[in-house]
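Student: Dropping the structure in here first, questions after.
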Number of protein chains: 4
Amino acid sequence: MNSGTPTAELLERFVSVRQATLDACRSLSPEDMQIQSMPDASPTKWHLAHTTWFFETFVLSDLAVGQYSPFHPSFNYLFNSYYNAIGERHPRASRGLLSRPAIDEVFGYRRHVEQVLLESIPRLNVRDVERLKPIIELGLHHEQQHLELLFTDIKHAFAQNPLRLAMRDNVASNKKRVDLPSRPVTWLPFDAGLHHVGHAENEFSFDNELPSHRVFIEPFEVASRPITCGEYRAFIEDGGYTRAELWLSDGWHAKVTNAWQAPLYWEKYRNEWQVFTLHGLRPVLDSEPVCHLSLYEADAFARWAEARLPTEFEWEVACGKRPATGTMLEDDCLHPQPAFPDESGPQQMIGEVWEWTQSAYQPYPGYRASAGALGEYNGKFMCNQMVLRGGSCVTPRSHIRPTYRNFFPPEARWQFTGLRLARSI
Amino acid sequence: MNSGTPTAELLERFVSVRQATLDACRSLSPEDMQIQSMPDASPTKWHLAHTTWFFETFVLSDLAVGQYSPFHPSFNYLFNSYYNAIGERHPRASRGLLSRPAIDEVFGYRRHVEQVLLESIPRLNVRDVERLKPIIELGLHHEQQHLELLFTDIKHAFAQNPLRLAMRDNVASNKKRVDLPSRPVTWLPFDAGLHHVGHAENEFSFDNELPSHRVFIEPFEVASRPITCGEYRAFIEDGGYTRAELWLSDGWHAKVTNAWQAPLYWEKYRNEWQVFTLHGLRPVLDSEPVCHLSLYEADAFARWAEARLPTEFEWEVACGKRPATGTMLEDDCLHPQPAFPDESGPQQMIGEVWEWTQSAYQPYPGYRASAGALGEYNGKFMCNQMVLRGGSCVTPRSHIRPTYRNFFPPEARWQFTGLRLARSI
Amino acid sequence: MNSGTPTAELLERFVSVRQATLDACRSLSPEDMQIQSMPDASPTKWHLAHTTWFFETFVLSDLAVGQYSPFHPSFNYLFNSYYNAIGERHPRASRGLLSRPAIDEVFGYRRHVEQVLLESIPRLNVRDVERLKPIIELGLHHEQQHLELLFTDIKHAFAQNPLRLAMRDNVASNKKRVDLPSRPVTWLPFDAGLHHVGHAENEFSFDNELPSHRVFIEPFEVASRPITCGEYRAFIEDGGYTRAELWLSDGWHAKVTNAWQAPLYWEKYRNEWQVFTLHGLRPVLDSEPVCHLSLYEADAFARWAEARLPTEFEWEVACGKRPATGTMLEDDCLHPQPAFPDESGPQQMIGEVWEWTQSAYQPYPGYRASAGALGEYNGKFMCNQMVLRGGSCVTPRSHIRPTYRNFFPPEARWQFTGLRLARSI
Amino acid sequence: MNSGTPTAELLERFVSVRQATLDACRSLSPEDMQIQSMPDASPTKWHLAHTTWFFETFVLSDLAVGQYSPFHPSFNYLFNSYYNAIGERHPRASRGLLSRPAIDEVFGYRRHVEQVLLESIPRLNVRDVERLKPIIELGLHHEQQHLELLFTDIKHAFAQNPLRLAMRDNVASNKKRVDLPSRPVTWLPFDAGLHHVGHAENEFSFDNELPSHRVFIEPFEVASRPITCGEYRAFIEDGGYTRAELWLSDGWHAKVTNAWQAPLYWEKYRNEWQVFTLHGLRPVLDSEPVCHLSLYEADAFARWAEARLPTEFEWEVACGKRPATGTMLEDDCLHPQPAFPDESGPQQMIGEVWEWTQSAYQPYPGYRASAGALGEYNGKFMCNQMVLRGGSCVTPRSHIRPTYRNFFPPEARWQFTGLRLARSI
C-alpha cells in the first residue's frame with residue numbers, strides 16, 4: 001500500500017486501544033492477573049492474551065505475505081474463547097489454572113503481535129487492506145469489550161478476598177460527586193409511531209445492530225434518569241426481597257437459591273449498607289445509580305414502582321442521537337456517579353450503568369451472521385439473554401453507540417448493570 | 001339467579017370438559033396414574049386433583065353463600081401448583097410420591113366439587129355470576145391445558161419403561177394416513193406492513209394475548225406446511241447433530257450434555273429409525289410432521305435449511321383467521337398426521353404440532369396481569385421461554401385460537417413440538 | 001429325588017418366608033407399592049418381584065431338567081439388582097417409574113415361580129439337591145433382608161407424604177410397653193484375650209461372616225442396653241447438634257449439608273418432639289431405644305457421653321450366644337420397645353435396633369467370595385460402609401445370628417439404627 | 001531457660017525443616033504458587049502460609065511472655081485449615097483466589113514467625129519448654145506433611161496445563177536408574193501370632209499411632225516389592241478397566257464416572273504410554289513402581305493377580321524395624337525408582353510409593369485425641385478413609401516410621417500411591 005492515509009488513522013487507534021488495556025493493569029500484581037473467581041469471569045492475563053490472539057488469528061494469519069508463523073504453537077488452543085470453527089480449546093472454567101505462560105511472556109506476545117501488525121499493514125495492497133480493515137476494527141472493539149470485562153472480572157475476584165482489596169488507590173482516583181439528594185424522577189413521553197431502529201451509519205457497528213429496520217412503538221414514557229441507591233434502598237426496606245408477587249418466577253427461584261438480599265457487592269455492617277467498589281469498601285451513597293443488579297431484581301423493582309423496564313427499542317428511541325456525556329472509562333472513576341441535578345433529561349442514557357431492558361436478545365429481521373469463524377461472534381448467543389443498553393462507567397467512550405446491544409443472562413450481576421423505568425401510556 | 005340462560009351454556013361446557021379429562025384416563029391403571037417421570041411432568045392423578053383444586057379454590061371458596069368448606073384440609077397444600085399468593089405447597093418434584101389420596105379418593109374429590117359447583121351456580125345472583133363466570137371459563141381452559149399435559153406426561157412416563165407400553169390399543173385408534181411422499185414445501189409471501197396482533201374478540205383469551213396492538217412486520221414468507229420426519233432425517237444424515245456451526249451456543253451445549261442424536265422418542269433399531277408413540281413403538285414415517293424437538297433443534301434445522309423460524313407475529317399474520325382443521329385431540333389420533341397433498345397452504349397451522357417461533361415469551365405493550373392469585377397464571381413466566389403457536393394433535397379443538405401463545409423453555413422436548421420455516425425477503 | 005426328607009423342611013421354610021413377605025403388604029394399596037422415595041429405597045412392588053427373580057435366576061434357570069423358560073422376557077432386565085455377571089439392568093433410581101408390570105402381574109409372577117420351584121425340587125436327584133439347597137437357603141435369607149427393607153422403604157415413602165399416613169392401624173397393632181423411666185445404663189466388663197469370631201456352626205451364614213478366625217481384644221466394657229430417646233434428647237438439649245468438636249469431620253459436614261437437628265422422623269411440634277412411626281405420628285417416648293440415627297450421630301453421642309461405639313468384635317464377644325429375645329418382626333410392633341427394667345444385661349443385643357459399631361465393613365482374613373454371580377452378593381460392598389450388629393424390630397427372628405454383619409454407609413438413617421456404648425478399660 | 005541444650009537440637013531441626021520448604025519452591029513463579037487445581041489441593045503459597053500460621057497459633061500465641069500480637073489480623077481467618085476450635089475460616093475450595101497477600105508478604109510472614117520463635121524459645125523457663133516442645137515437634141512434622149503435599153499439589157496443577165510443564169529441569173535432577181527388567185515378585189511368609197503394633201518408642205509419633213497394642217494376625221505372605229508399571233500394564237492389557245467383576249462396587253462406579261483407563265498422569269500417545277512427572281512428560285518405564293492409583297485400582301489389580309492388599313498390621317509386621325533405604329525426598333528424584341535387582345526383600349517398604357492397605361482408617365483401642373484444637377489434627381478424620389503405609393519419593397526421610405499411618409479416601413489418586421500384594425496362607 002503506497003499511502004498511509006487510509007490506514008494511518010486505524011493504526012493510530014490500534015496503538016491507543018492496546019495501550020488502554022495495558023494501562024488498566026498498572027496496579028495489578030502477577031497473582032492478581034492470574035486468578036479466575038468464577039467460570040463466567042476470566043483472568044486478566046487471559047484477557048491480555050486472548051485479545052492478542054484475536055489479531056494473530058484473524059489478521060496476521062491472513063496477511064497477504066502469508067509468511068506469519070504463530071508466536072507459540074499452543075496459544076491457539078489456550079486463548080481461543082469460543083470459536084468452534086477455529087478448533088478445540090482450553091476449557092473456560094480452567095483459565096485460572098494456566099500459571100504459564102507467565103505474565104511477562106504474555107506481555108511479550110502482545111508486543112510481538114503489535115509489531116508485526118504495525119509493520120505489515122502499511123505494506124499491504126489496497127485489496128488486502130479492504131479485507132483486513134474491518135477485521136482490525138472489529139478486533140479493536142473486541143479488545144474494548146474485554147477491557148470492560150477486565151474491570152468487572154477483577155472486581156469480582158477481589159470481592160472474594162476477605163481483605164477487601166482496592167484495585168486503585170482509595171483516595172487519588174475516587175473523584176466522586178457529593179452525595180446530594182437527587183432530583184425526583186420525571187417522565188418523558190413519546191407518541192406512538194413507526195421508527196427506524198438499528199445501525200444506519202457508515203461507521204463501525206456489530207452485526208447484531210443490523211439491519212436497520214422499522215418497528216411500530218405504542219405510546220410510552222421513560223424516566224429522566226436511572227434508579228438510585230436511595231430509591232433501591234426503599235425497595236429493600238419495603239420488603240422487596242421477601243415478596244414473591246413482585247418477582248418473575250425464575251427470578252424468585254434465583255433469589256431464593258442464591259439468598260439475594262441486596263445488590264451484589266452490598267454488605268450490611270453495623271446496620272449500615274456498605275458497597276464494595278474498585279476503590280475498596282465504603283458506605284452506599286443514596287444519590288448514586290444503583291448497579292450490579294440482575295434483570296430479575298431490576299424487573300421486581302420496576303413492578304414494585306408500578307412501572308416496567310423499557311423495551312430496547314423504546315430505549316433507543318428515547319436516547320435518540322444523544323452524545324455520550326455520562327461517566328465512562330476515560331473518566332477513571334470506575335463507579336457510576338450521581339446525576340447532575342440541573343440537567344434536563346433523559347440523563348445518563350450513555351454511561352454510568354448498563355440499563356436492563358425487557359427485550360430478549362434476538363436477531364433483527366433480515367439479520368445475517370458473517371461467514372466463517374467471525375460469524376460466531378454474536379449470532380450464536382441470541383437465546384436466553386436480555387438486552388442492555390447505554391454503556392457503563394467502565395465502557396470506553398469510543399466503543400459505544402445508541403444502537404449498541406449488550407446482552408447478558410438475566411441472573412448476571414457482576415457487570416455494572418442498573419435500570420431506568422418506563423411506562424405504557 | 002332466576003333464569004339458567006346465561007350460565008346454562010357455561011355449565012354444559014363445564015360438564016363436557018370435565019368428562020373429557022376422565023375419558024383420557026380410561027386405559028390407565030392406578031399405578032400409571034401415580035408415577036412422575038421428571039420434575040417438569042406431573043402424575044395423571046395430580047392433574048386430576050389440581051384441576052379440581054382450581055375450581056374449589058377460585059370458584060367454590062368464593063361463592064356468595066360463603067358456606068363452602070374444603071373437601072380435605074390438606075388438599076390446598078397438596079394440589080396448589082405455583083400460586084404463592086395461596087400459600088405454601090408440596091414440592092413439585094415430589095408429586096409422584098403421594099400414594100395417598102388414592103385415585104378413588106381423587107375421583108370422589110372431582111365429583112364432589114363438580115356437584116357443588118353445578119348446584120350452586122344456578123342459584124347465584126347476577127353480580128356473583130358476572131364475577132365468577134370468567135373464572136369458571138379460565139378454569140375450563142386451565143383444565144384443557146392440563147388435559148394436553150396429561151397426555152404428554154404419561155407419554156414421557158411410559159417411555160421410561162423398557163416394556164415400551166402403548167397408552168392406547170395399537171390397532172383400533174391408530175387411524176393414520178398412508179405414508180405417501182409429501183408435496184415439497186412451497187413459500188407463501190407476505191408484504192411489509194403494520195398489523196394488529198393479539199386477541200381482539202369478545203370470547204375468552206388468556207391475559208398474555210392482550211392487549212391487541214400494532215406491530216410493523218418487514219416482508220417475509222412462510223413454508224406451506226411443517227417440516228416432516230423425512231426432511232428431518234436428511235438433516236440428521238447430513239451431520240446435523242455433529243456440526244456446531246448450525247447451532248445456537250446454548251443449544252450445542254444442551255446437545256452435548258444430553259447426548260441428543262435425534263428427536264426425543266426416536267431410537268435406532270437395526271439401522272432403522274423407530275419412534276415411540278402413545279400407541280407404542282413403530283417405524284418413523286417420512287411424511288409425518290416431525291415432533292418432540294427442542295427449540296434448539298428446530299433452530300439448527302432452520303439454519304441448515306438456509307431459512308429461519310418465524311416470529312410469533314409473522315406466524316399470527318400468516319395464520320390469519322384460519323379455522324382449526326388439522327389433527328387435534330378430538331380426532332383421537334394422538335400423533336401428528338401427514339399433510340393432505342392436495343390442500344392449498346399454509347397447511348396445518350392449527351393442529352398436528354406446536355410450532356416453535358423465534359420469539360421470546362414477553363409481555364405485549366400495555367400488558368397487565370390480573371389482580372390477586374390469578375395474576376400469577378401467566379405473567380410471572382415471561383422470561384427464559386419461547387413462544388409456540390398453533391396447537392397439537394393432543395390440544396382440544398375448543399381450546400385453541402390463532403392468537404394463542406404457548407410457551408416452553410428452549411430445551412423442552414416432551415411436548416408435541418415441531419417447526420415451520422420462514423424467510424425474510 | 002426319592003424321599004422328601006432332606007428338602008421337605010427347606011420347602012416348608014420356603015412357603016413360610018414367601019408368605020411373610022405377602023403378609024407385610026396386606027395394608028398397602030397398588031399406589032403405595034409403586035412409589036420410590038429415594039434412590040436407596042425401592043418400591044414394595046420391586047421388592048416382591050426382585051426376590052422372585054432371585055429364585056428364578058439362580059434356582060429355576062439351573063434346574064437339572066433344563067426346561068424352564070422365564071416368566072417374562074424383560075423381567076431379568078427389570079428386576080436384577082446389581083449383578084453385573086447377569087447383565088445390564090434397569091437403573092436403580094428409576095425403579096419407581098415402572099407402573100407396569102402391574103401389582104397383580106407381580107403377584108402372578110410370584111405364584112408362578114413358587115409353583116415351579118415347589119414342583120421341581122422334590123423331583124431332583126441328590127446331586128442337584130446338594131447344589132441347589134444352599135442357593136435356595138440363600139434366596140430365603142435374601143428375601144428376609146428385603147422384607148426388612150420393605151418396611152423401612154415404605155416408612156420412608158410414607159414420611160414424604162404430608163398426610164403422615166400410618167402403614168398399620170394406629171391402635172390395634174401398636175402394643176407397646178408403658179413409658180416407665182428406664183434403668184440407668186450399667187457397664188459390663190470383658191478381659192483382654194484372644195477370641196474366635198465369625199460363623200463356626202453348620203447352619204447357614206452369609207459368606208461375609210466367614211471364615212471364623214481369631215482376634216485379640218484389649219479389655220473393654222459395654223453398656224447394659226441401647227441408648228434411649230430420653231438420653232438422646234439430653235444430647236440434643238446440651239447442644240449436640242451445634243458442637244463441631246463432638247463430630248467426625250465427614251459427620252459434621254453431613255449434619256450441616258442435610259440440616260440435621262434430631263434423628264430422622266423426629267419433628268418438633270408445639271415444642272414437643274414427635275416421631276413418625278409405621279403407626280403414624282406420636283410423641284417420642286423417653287424409655288424407647290433411639291433409632292434412625294446415622295453412624296455420625298451415634299458416634300457424636302458416644303463422644304458426648306465420654307464413651308465410644310464398640311468394635312464389631314467387642315459386640316460379638318459381649319453378645320455371646322445370647323438368644324434373640326428382643327422385639328423382632330414377628331412381634332408385629334414395628335417399632336423398638338423399652339428394655340425391661342428387671343432384666344440382667346446386656347439387654348436387647350438382638351432385636352429392637354441395629355447397633356452401629358466403629359468397625360468398617362471389611363473382609364475377614366481368608367475371606368473368599370463365591371464363584372460366579374453370587375460372588376457379588378457381599379464382597380464387592382466391602383468399602384465405605386460400617387458394620388451394624390444385632391437386628392431390629394423389623395428383622396425376622398429366623399434371619400439373625402450373633403455373628404450376622406449388616407452394613408450401611410455412615411450417613412444412612414432410614415434403617416432402624418441405634419447404638420450401644422462401649423469403653424476401653 | 002538457662003541452657004540451650006534441650007532446645008538447641010529442636011531449633012536446629014526447626015531451621016532445617018523450614019529451609020526445606022523454601023527450597024522446594026525454588027523453581028516456581030508467583031503465578032505457579034498461586035493456583036489451586038482442585039478443592040483437595042492447595043496453592044503453594046497457601047502451604048507456605050498455613051504451616052507458618054500453625055506455629056504462630058499454637059506456639060507463639062501461647063508464649064509465656066504473652067506479648068505476641070499476630071502478624072496480620074486476617075491471617076488467622078485466611079490460613080486456618082480445618083480447626084473448628086480456632087474459629088471460622090476461608091473456604092477450602094477458594095484458597096486459589098487469594099491473590100493477596102502476595103508471595104513476598106508470605107515469605108515475610110514466614111521470616112517474622114521464625115525470628116520470633118527462634119528468639120523466644122531459648123528464653124523460656126523449663127515448664128514452658130516442656131509444654132511447647134511437643135507442639136513445635138508436631139509443627140515440624142506438620143510442615144513436612146505439607147511439604148509432601150506441596151509437591152503433589154503442584155504436580156496436579158501443572159498437569160492441568162496443556163503445556164505439560166516440568167517443575168524441575170528435565171535433565172539435571174532426573175537421575176533415574178536404567179529400565180532393566182525387574183526381578184519377579186517373590187513371597188515372604190509370616191506365621192500366625194500375636195504382635196505388638198503401633199508406636200512404642202520415645203520419639204515423636206502422631207496420636208493416631210497410639211497406643212501400642214496387641215493384634216492377632218493369621219498366617220500371611222507379602223510380595224518382595226511393589227507392583228511395577230510393567231505389571232500394571234499387563235492388567236490394563238488384560239481388560240482390567242473393563243471387567244466389573246474385578247472391582248469393588250464403589251470402585252467400578254468411580255471408574256465409570258471418572259472414565260478411568262489407566263493410572264492418573266498416564267496418557268497414550270501414538271500407541272505408547274507416556275507419564276507426566278515433575279520432570280515433564282516421558283515414556284512409562286516398565287520397571288518403575290506404578291503410582292497415582294486409587295485404592296480401587298490397587299484393589300482391582302490385586303484381585304486380578306489372585307492376591308489382595310495387606311492389612312496395615314500385616315504391612316507393619318512385614319516391615320519390622322527396616323530402615324528407610326528407598327527413594328525419598330532428599331534424593332531429589334521426585335519419582336519412584338526401580339527396585340535393585342540384587343537386594344533381598346521385602347524391598348522398598350519405606351520410600352518410592354505409599355502402599356494402599358485394605359485397612360480402613362480407624363482409632364486404635366484406647367485411642368485418645370489431644371485436648372483442645374490440636375485434638376482435631378487426626379481423630380476427626382477416622383471415617384471413610386483407608387490407611388497407606390511406607391512413605392513415598394517425596395516424603396522427607398526424617399518424617400517417616402514403620403508405624404506411620406497415612407490416610408486418604410479410596411478414590412484419591414494425586415498422591416504417590418501404589419501397592420504391594422499380600423496373600424492369606
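As shown in the C-alpha cells, the chain order sets the letters A, B, ...; within each chain, residues go from 1, and ligands are also counted from 1 in the order they appear.
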Residues of chain B within 8 Å of chain A, counting only C-alpha atoms - could you list those as a PyMOL selection string?

Tutor: chain B and resi 84-85+194+213-218+244-245+247-250+358-360+362+365-366+376+379-385+424-425

Student: Please give the complete set of residues from stretch 231-287 of chain A that DSSP, run on the backbone, assigns to strand (DSSP E), formatted as a PyMOL selection string.

Tutor: chain A and resi 266-269+272-277+280-283

Student: Using atom CA of B:Val317 and atom CA of B:Pro346 as the two end points, give the distance in Å to one decimal.

Tutor: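 Interatomic distance, atom CA of B:Val317 to atom CA of B:Pro346: 11.4 Å.
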
Student: Within 12 Å of stretch 69-75 of chain B, counting only C-alpha atoms, which residues show up once you throw out same-chain ones fewer than 2 positions away? Write them as an NGL selection string, please.

Tutor: (:B and (46 or 49-63 or 65-67 or 77-81 or 88-90 or 98 or 100-101 or 105-106 or 108-114 or 116)) or (:C and (161-164))

Student: Considering only C-alpha atoms, return as a list in words whatever protein or nucleic-acid residues lie within 9 Å of D:Arg389, sequence-local ones (same chain, fewer than 3 positions apart) excluded.

Tutor: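 Near neighbours after the sequence-gap exclusion: Glu312, Trp315, Glu316, Met349, Ile350, Val353, Trp354, Glu355, Trp356, Thr357, Pro402, Thr403, Tyr404, Arg405, Asn406 and Phe407 of chain D.
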
Student: Pick the closest to C:Ala157 from C:Ala298, C:Ser37, C:Phe340, C:Tyr377: which is it, counting only C-alpha atoms?

Tutor: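 Looking only at the distances to C:Ala157, the closest residue turns out to be C:Ser37.
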